[in-house]
Structures are given as C-alpha cells and as structure tokens.
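Scroll down for the structure; my scribbles are underneath it.
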Amino acid sequence: MPLDPVLTRIDCDLPEAVNRLIALLRIPSISTDPAHAADCDSAADWLVADLASLGFAAEKRPTPGHPMVVAHVDGPGPHLLFYGHYDVQPVDPLDLWHRDPFDPALEDTDKGQVIRARGASDDKGQLMTFIEACRAWKAEHGTLPCKITVFLEGEEESGSPSLVPFLEDNAEELKADIALICDTGLFDARTPGIVTMLRGLLGEELTIRAADMDLHSGMYGGPSINPIRVLARIVAALHDDAGRVTVPGFYDGVPELPDEVARQWQGLGFDAGAFLGAVGLSTPAGEADRTALEMIWSRPTCEVNGITGGYTGAGFKTVLPAEARAKISFRLVGDQDPLAIRENFRKMVQDMLPPDCTASFEGHGASPASRMDISHPAFEKARAALSEEWPKPAAYVGCGGSIPVAGYFKTALGMDSMLIGFAKDDDAIHSPNEKYDLDSFHKGIRSWARILAALSA
C-alpha cells in the first residue's frame, strides 16, 4: 500500500484532526480526583467510539480504578501494540492559567501555533497522533497496513495501580511483536528521538531520632546529639569528591555506553552550558569524568529531594530537634538492583549512626531501569522512517525520567518497546498553560504513518 496518498490525506485533514483532539481535550479526565471519575469514563467512551469508527473492535474494560481501552484490528505483517494514556494531571494552581484548561484552543505564539489545554501534550495530543495516522491509512486504503492493538490507560497520572494486574490477566491478548509508546518528546525541534534507555527509580525517606523531645539549645547544646548534624553527615557522605555515589555496590550492573550510541549522542550537539544556563546554573556537577548528557540519560544518580528538622517557621527558636528527615531518590540504569541498593543504603546509614540515635526508613517505590534491544529490526526501520520526516536524522536517546510501563511490557508481556514522542521541553506538562505545538501534532501524525509503512513492509 503506497505511503504518499496517506501523507497527503494527513495534510488535507489536519483541521479536522485538530477538532477531534480538541473534543477529547474538553473532557476533564483527571484520574487522581474522585470527583472526575465520570469524566475518565467519558474519555474512555469517546476513544472507544472513535476507534470503532476506524474498524477497530474496541472495548472499555473495567478495572478497580479507571477503565482501560483495548482495541484490535487484524491485518498482515507484524502485530504492533500501541500504548498511550487518556488521563491528565490536576490543573492547580488554576489562577496561573491564561485560559480555562479544559476549554482548548489554537493559539498563535512567536514560535508558531500551539494547542493549549491540560493534556494537550501529556498525553492526549500524543496518543491522537497515532490514531490519526491510522485514520488516514483507513481513509486511503480501506484497511490498516498491519495487525494493531491499541491499549490506552486511564491511571498513568495516578501511579497506574491497575496496570500490572491488567497486563497479567490479559497477557495473551495483549502480546505483540513490539510495543509503541507515545509519551516522550523530541530531542530538539528538528531532531526526533527513539528512547532506548529509561532510568529506574528508588525512593527512600530517612528519619533520624535522638532525644525523646525537642531540647533547649542553651541547656542541652553540646553534650546532646543533634539529629540534624547526624543527618547532614550522612547526606554529605553519599558522594565522594569526584561526584560518585558511595553506597556500597551502587555501581554493580551499570553498563558503559555502546560506541554506536555514544557517536549518535556526540552528533546531537548538546550544549551543556545552555542547558544549565537556562535554569541559572553554569558549571556541571555530578561525576567529574562524564558529560552532562551521559549523566542525564545513562548514568545513575543519588539526589536529596528534601530535608526537614527542627524549627522552620518565621523568626527563631533555639531548639535541638528530636528528629530530622530526608527524602532521597536514586535514578537507576542498566541492571542495577533497586532492592539491593535499598538494603545497602540502609546498612550504610545504620553503620554511621552515633550512640543515642536511631534510624527508620520508608520506601517509596523501587523500579529497575529499562533498556531496549536496538538489534530488533523494528528499531532501525523506525529510525529511518522518522529521519525521512524531520529535518535532522533520528537518534537513539536516553530519558532521565522513568516510564514504568515500558518495563512492565517487558516483564509481563515479554516484549520490547519503542518510545517515540513529539513533545517539546517547553510544553509545560503537569504545569499551568500546557500546550502542544501544532507542528508536533501534524508531523507526529505523519511520522506514525511512515513508521507503520516501514514496519509493515
């Protein structure tokens, strides 16, 4: 089936595609807020109806939380599973929005037209790029180029509590040759990327306790142990002078970057000075022998996300606090074992405690990293297809954040994922005034059409 008529159809039908996206964006499907449960149902219903209009056998599937949308269409060639999520983040603080977040509209900016609304970029605009590509194929050829399963979640923004049980219960139905995930972004406005590395995440909340009450610093300061001092010493000891993490065994399972991927990253022209300068910084920290891009995408980290203890209100209160707390997160890569790192971190803390102090821990998630097997032929086909659409060649890139669904597809369904998205760094996802560039939406649809053609050839 020829591709060119499909691309022409996409160009001609762009206004209608924008209108369909705007209709979906009007539904306030905030998964974290029970008051919007009916809206999440409505969004799922909207997507089921839209997919059914394209010839998919589409259903809304119940879960203990918000429903999943599952749709199948048969066809020749490979079986592709496409994933996106229809739920969105809350909109607070509402007074910082320039317009009603659920009254979407096209806006003119100095960088071109954007679609402004909550969910425009994360993830309704992204998932609709794939559906619109399928629509164009169907309109031109009366069928889709291969077998496709569409799987849309309604709880991604609230921790995906129903996802793993649903995958396990429906594994045979959902298994495919490869998964396609559209919840990432471009490297820059001219360079698309296929994410092949996702860092895992381990969270620890540490509490150091000493005396059984806050103490007067004039009466007890000196002979009494101060939990803040103890906590500060532990936090300071988590890195050495070269920026490496000192938790025993932390670097077990950390791979070196493959040469081919390293060459691609070098060719991206990443400007660390500009990257840091945009947020008021100037000098790279972290591991002294690594580039900034390596540290963001392919190296593990340990960061302190918050510290509390003692009196933090207005004015001054001279106390020795009874306890001090820190929230510490570890971004993980390669084959690092989050449970082993948790155990080693806790033992390191216990070994550093002075007399009269105790430590308690609360874990906040422990997900391993995900690495995609780029030797799978679909990766090079998709990279070539993306390169045809965008001004610069597509690159295999990393992602500093964590997208657990890719790991779940690997563990529950036994398949790799290609993460391809068209968001931009300034889309303000999770923030007021979220937007999705019209160019991202348009070229995203064209990109998926090209990828479907390439994978189906």
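Quick note on naming: the chains in the structure tokens go A, B, ... in the order shown, residues restart at 1 in each chain, and ligands are numbered from 1 in order of appearance.
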So that each row is one residue of range 152-241 of chain A with an atom at most 12 Å from range 260-269 of chain A, can you give its shortest atom pair and the distance in Å to one decimal, using only C-alpha atoms, rows by chain and rising number, as a tab-separated table?
residue	atom	partner	partner_atom	distance
A:Leu186	CA	A:Leu268	CA	11.8
A:Phe187	CA	A:Leu268	CA	8.4
A:Asp188	CA	A:Leu268	CA	9.2
A:Arg190	CA	A:Leu268	CA	10.6
A:Thr191	CA	A:Leu268	CA	8.3
A:Pro192	CA	A:Leu268	CA	10.6
A:Gly193	CA	A:Leu268	CA	10.4
A:Ile194	CA	A:Val261	CA	11.5
A:Val195	CA	A:Val261	CA	11.3
A:Thr196	CA	A:Val261	CA	9.8
A:Met197	CA	A:Val261	CA	10.8
Review point. Contacts of Pro355 in chain A at 12 Å or less, counting only C-alpha atoms, minus same-chain residues fewer than 4 places along, as a PyMOL selection string?
Key: chain A and resi 208-211+224-227+230+350-351+359
Write a file of the just-selected residues containing N, CA and C atoms, as a PDB file, in the first residue's frame.
ATOM      1  N   ILE A 208      16.035  10.313  61.303  1.00  0.00           N
ATOM      2  CA  ILE A 208      16.999  10.130  62.392  1.00  0.00           C
ATOM      3  C   ILE A 208      16.367  10.673  63.672  1.00  0.00           C
ATOM      4  N   ARG A 209      16.328   9.850  64.727  1.00  0.00           N
ATOM      5  CA  ARG A 209      15.750  10.264  66.012  1.00  0.00           C
ATOM      6  C   ARG A 209      16.805  10.148  67.101  1.00  0.00           C
ATOM      7  N   ALA A 210      16.714  11.061  68.086  1.00  0.00           N
ATOM      8  CA  ALA A 210      17.656  11.039  69.215  1.00  0.00           C
ATOM      9  C   ALA A 210      16.872  11.202  70.522  1.00  0.00           C
ATOM     10  N   ALA A 211      16.875  12.398  71.125  1.00  0.00           N
ATOM     11  CA  ALA A 211      16.157  12.615  72.381  1.00  0.00           C
ATOM     12  C   ALA A 211      14.661  12.382  72.188  1.00  0.00           C
ATOM     13  N   SER A 224      24.468  17.010  74.013  1.00  0.00           N
ATOM     14  CA  SER A 224      23.364  16.235  73.437  1.00  0.00           C
ATOM     15  C   SER A 224      23.536  16.108  71.925  1.00  0.00           C
ATOM     16  N   ILE A 225      23.320  14.926  71.394  1.00  0.00           N
ATOM     17  CA  ILE A 225      23.444  14.696  69.961  1.00  0.00           C
ATOM     18  C   ILE A 225      22.313  15.396  69.215  1.00  0.00           C
ATOM     19  N   ASN A 226      22.638  16.001  68.112  1.00  0.00           N
ATOM     20  CA  ASN A 226      21.658  16.734  67.303  1.00  0.00           C
ATOM     21  C   ASN A 226      21.365  15.923  66.032  1.00  0.00           C
ATOM     22  N   PRO A 227      20.136  15.437  65.851  1.00  0.00           N
ATOM     23  CA  PRO A 227      19.816  14.614  64.669  1.00  0.00           C
ATOM     24  C   PRO A 227      20.088  15.316  63.340  1.00  0.00           C
ATOM     25  N   VAL A 230      23.689  14.743  62.511  1.00  0.00           N
ATOM     26  CA  VAL A 230      23.873  13.349  62.103  1.00  0.00           C
ATOM     27  C   VAL A 230      23.380  13.152  60.672  1.00  0.00           C
ATOM     28  N   GLN A 350      22.834   2.855  58.949  1.00  0.00           N
ATOM     29  CA  GLN A 350      22.910   2.267  60.301  1.00  0.00           C
ATOM     30  C   GLN A 350      24.349   2.242  60.814  1.00  0.00           C
ATOM     31  N   ASP A 351      25.289   1.946  59.916  1.00  0.00           N
ATOM     32  CA  ASP A 351      26.693   1.884  60.335  1.00  0.00           C
ATOM     33  C   ASP A 351      27.248   3.256  60.711  1.00  0.00           C
ATOM     34  N   ALA A 359      17.579   5.111  63.369  1.00  0.00           N
ATOM     35  CA  ALA A 359      17.140   5.465  62.013  1.00  0.00           C
ATOM     36  C   ALA A 359      15.944   4.603  61.640  1.00  0.00           C
TER      37      ALA A 359
END
Proximity check range 428-454 of chain A to range 145-164 of chain A, 10 Å, nearest pairs one decimal Å, only C-alpha atoms, as a Markdown table:
| residue | atom | partner | partner_atom | distance |
| --- | --- | --- | --- | --- |
| A:His430 | CA | A:Glu157 | CA | 9.5 |
| A:Ala449 | CA | A:Pro145 | CA | 9.7 |
| A:Leu452 | CA | A:Pro145 | CA | 6.9 |
| A:Ala453 | CA | A:Pro145 | CA | 6.9 |
| A:Ala454 | CA | A:Pro145 | CA | 9.8 |
Exercise for review: Can you work out which one of A:Ala272, A:Gln336, A:Arg450, A:Asp87 has the shortest atom-to-atom distance to Arg290 in chain A, counting only C-alpha atoms?
Suggested key: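 Checking each of A:Ala272, A:Gln336, A:Arg450, A:Asp87 against Arg290 in chain A, counting only C-alpha atoms, the winner is A:Ala272.
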Point to revise | Interatomic distance, CA of Thr143 in chain A to CA of Gly75 in chain A (Å, one decimal) | key: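 Separating CA of Thr143 in chain A from CA of Gly75 in chain A is a distance of 8.0 Å.
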Practice item. Enumerate, as a PyMOL selection string, the complete set of residues in range 181-396 of chain A that a backbone-based DSSP assignment places in alpha helix (DSSP H). Key: chain A and resi 217-220+227-236+259-266+272-277+292-297+338-352+377-389
Restricting it to C-alpha atoms, dump the selection as a tab-separated table (two decimals), in the first residue's frame.
chain	number	residue	atom	x	y	z
A	217	SER	CA	19.87	24.51	72.87
A	218	GLY	CA	21.22	26.62	75.73
A	219	MET	CA	20.66	23.88	78.30
A	220	TYR	CA	21.42	20.82	76.18
A	227	PRO	CA	19.82	14.61	64.67
A	228	ILE	CA	20.26	17.35	62.05
A	229	ARG	CA	24.04	17.13	62.40
A	230	VAL	CA	23.87	13.35	62.10
A	231	LEU	CA	21.61	13.55	59.06
A	232	ALA	CA	23.83	16.19	57.43
A	233	ARG	CA	26.90	13.97	57.87
A	234	ILE	CA	25.08	11.01	56.30
A	235	VAL	CA	23.85	13.09	53.36
A	236	ALA	CA	27.31	14.56	52.78
A	259	ASP	CA	30.05	3.01	20.89
A	260	GLU	CA	27.38	3.49	18.22
A	261	VAL	CA	25.00	5.18	20.66
A	262	ALA	CA	27.84	7.34	22.02
A	263	ARG	CA	28.62	8.54	18.48
A	264	GLN	CA	24.97	9.44	17.90
A	265	TRP	CA	24.84	11.41	21.13
A	266	GLN	CA	28.03	13.28	20.24
A	272	ALA	CA	25.58	21.70	28.46
A	273	GLY	CA	26.26	25.38	29.11
A	274	ALA	CA	22.99	26.45	27.52
A	275	PHE	CA	21.12	23.62	29.24
A	276	LEU	CA	22.34	24.73	32.67
A	277	GLY	CA	22.23	28.42	31.82
A	292	ALA	CA	26.17	16.19	31.12
A	293	LEU	CA	24.19	14.21	28.54
A	294	GLU	CA	25.63	10.93	29.81
A	295	MET	CA	24.67	11.86	33.37
A	296	ILE	CA	21.10	12.71	32.37
A	297	TRP	CA	20.46	9.68	30.20
A	338	PRO	CA	16.84	-1.39	43.40
A	339	LEU	CA	16.20	-3.77	46.30
A	340	ALA	CA	19.91	-4.46	46.77
A	341	ILE	CA	20.65	-0.73	46.67
A	342	ARG	CA	17.92	-0.11	49.26
A	343	GLU	CA	19.43	-2.72	51.56
A	344	ASN	CA	22.96	-1.36	51.12
A	345	PHE	CA	21.85	2.24	51.65
A	346	ARG	CA	20.05	1.36	54.86
A	347	LYS	CA	23.03	-0.59	56.17
A	348	MET	CA	25.35	2.31	55.33
A	349	VAL	CA	23.13	4.66	57.34
A	350	GLN	CA	22.91	2.27	60.30
A	351	ASP	CA	26.69	1.88	60.33
A	352	MET	CA	27.12	5.68	60.53
A	377	PRO	CA	14.98	-4.81	13.22
A	378	ALA	CA	11.99	-2.59	14.02
A	379	PHE	CA	14.27	-0.01	15.63
A	380	GLU	CA	16.35	0.78	12.56
A	381	LYS	CA	13.24	0.75	10.35
A	382	ALA	CA	11.52	3.25	12.64
A	383	ARG	CA	14.63	5.42	12.91
A	384	ALA	CA	14.92	5.61	9.13
A	385	ALA	CA	11.21	6.44	8.81
A	386	LEU	CA	11.46	9.25	11.37
A	387	SER	CA	14.54	10.62	9.65
A	388	GLU	CA	12.54	10.97	6.43
A	389	GLU	CA	10.02	13.23	8.15
Exercise for review: Pick out the closest residue to Leu413 in chain A from this set: A:Ile374, A:Ala171, A:Ala288, A:Leu198. Count only C-alpha atoms.
Suggested key: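 Using only C-alpha atoms, Leu413 in chain A sits closest to A:Ala171.
Distance-wise, CA of Leu96 in chain A and CA of Pro432 in chain A end up 6.0 Å apart.
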**Study point:** One-decimal distance in Å that lies between CA of Phe316 in chain A and CA of His216 in chain A
**Key:**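 Spanning CA of His216 in chain A to CA of Phe316 in chain A is a straight-line distance of 12.5 Å.
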Exercise for review: Check the smallest atom-to-atom distance from each of A:Tyr83, A:Tyr311, A:Phe56, A:Phe361 to Lys138 in chain A using only C-alpha atoms, then report the winner.
Suggested key: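 Using only C-alpha atoms, Lys138 in chain A sits closest to A:Phe56.
Minimum atom-to-atom distance to Pro62 in chain A, evaluated using only C-alpha atoms, belongs to A:Pro165 out of A:Gly444, A:Pro165, A:Gly280, A:Gly363.
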Check your understanding: Taking into account only C-alpha atoms, which residue in the set A:Lys443, A:Arg244, A:Lys392, A:His66 is nearest to Ser29 in chain A?
Key ->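 Residue with the minimum atom-to-atom distance to Ser29 in chain A: A:His66.
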Point to revise | Given only C-alpha atoms as the counted atoms, nearest of A:Pro391, A:Pro15, A:Pro90, A:Gly401 to Ile115 in chain A | key: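 Smallest separation from Ile115 in chain A among the options: A:Pro15.
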Check your understanding: Neighbours of range 118-130 of chain A within 6 Å (only C-alpha atoms; same-chain residues fewer than 3 positions away dropped), as a PyMOL selection string?
Key -> chain A and resi 84-86+88+101+133+182+434-436+444-445+448
Take the residues from that selection and put them in a file with N, CA and C atoms, as a PDB file, in the first residue's frame.
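Result file out.pdb:
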ATOM      1  N   GLY A  84      -0.905   4.484  25.064  1.00  0.00           N
ATOM      2  CA  GLY A  84      -0.951   5.882  25.490  1.00  0.00           C
ATOM      3  C   GLY A  84      -1.850   5.963  26.707  1.00  0.00           C
ATOM      4  N   HIS A  85      -2.008   7.139  27.276  1.00  0.00           N
ATOM      5  CA  HIS A  85      -2.932   7.278  28.417  1.00  0.00           C
ATOM      6  C   HIS A  85      -3.829   8.501  28.220  1.00  0.00           C
ATOM      7  N   TYR A  86      -5.087   8.321  28.587  1.00  0.00           N
ATOM      8  CA  TYR A  86      -6.080   9.373  28.371  1.00  0.00           C
ATOM      9  C   TYR A  86      -6.334  10.211  29.619  1.00  0.00           C
ATOM     10  N   VAL A  88      -5.273  12.809  32.760  1.00  0.00           N
ATOM     11  CA  VAL A  88      -4.441  14.015  32.801  1.00  0.00           C
ATOM     12  C   VAL A  88      -4.168  14.409  34.242  1.00  0.00           C
ATOM     13  N   PRO A 101      -8.371  25.530  31.456  1.00  0.00           N
ATOM     14  CA  PRO A 101      -7.552  24.408  30.975  1.00  0.00           C
ATOM     15  C   PRO A 101      -8.342  23.349  30.211  1.00  0.00           C
ATOM     16  N   ALA A 133      -3.019   8.822  12.372  1.00  0.00           N
ATOM     17  CA  ALA A 133      -2.275   8.122  11.323  1.00  0.00           C
ATOM     18  C   ALA A 133      -3.050   6.896  10.852  1.00  0.00           C
ATOM     19  N   CYS A 182       3.834   6.358  22.941  1.00  0.00           N
ATOM     20  CA  CYS A 182       3.950   7.774  22.569  1.00  0.00           C
ATOM     21  C   CYS A 182       3.708   8.622  23.808  1.00  0.00           C
ATOM     22  N   GLU A 434      -0.260  24.275  29.817  1.00  0.00           N
ATOM     23  CA  GLU A 434       0.264  23.195  28.978  1.00  0.00           C
ATOM     24  C   GLU A 434      -0.143  23.422  27.524  1.00  0.00           C
ATOM     25  N   LYS A 435       0.766  23.049  26.627  1.00  0.00           N
ATOM     26  CA  LYS A 435       0.472  23.202  25.197  1.00  0.00           C
ATOM     27  C   LYS A 435       1.131  22.084  24.414  1.00  0.00           C
ATOM     28  N   TYR A 436       0.719  21.946  23.161  1.00  0.00           N
ATOM     29  CA  TYR A 436       1.323  21.006  22.210  1.00  0.00           C
ATOM     30  C   TYR A 436       1.430  21.746  20.897  1.00  0.00           C
ATOM     31  N   GLY A 444       3.859  14.610  13.932  1.00  0.00           N
ATOM     32  CA  GLY A 444       3.720  13.362  14.675  1.00  0.00           C
ATOM     33  C   GLY A 444       2.818  12.377  13.953  1.00  0.00           C
ATOM     34  N   ILE A 445       1.696  12.867  13.415  1.00  0.00           N
ATOM     35  CA  ILE A 445       0.793  12.004  12.641  1.00  0.00           C
ATOM     36  C   ILE A 445       1.531  11.456  11.420  1.00  0.00           C
ATOM     37  N   TRP A 448       4.052   8.700  12.419  1.00  0.00           N
ATOM     38  CA  TRP A 448       3.480   7.377  12.673  1.00  0.00           C
ATOM     39  C   TRP A 448       3.047   6.709  11.370  1.00  0.00           C
TER      40      TRP A 448
END
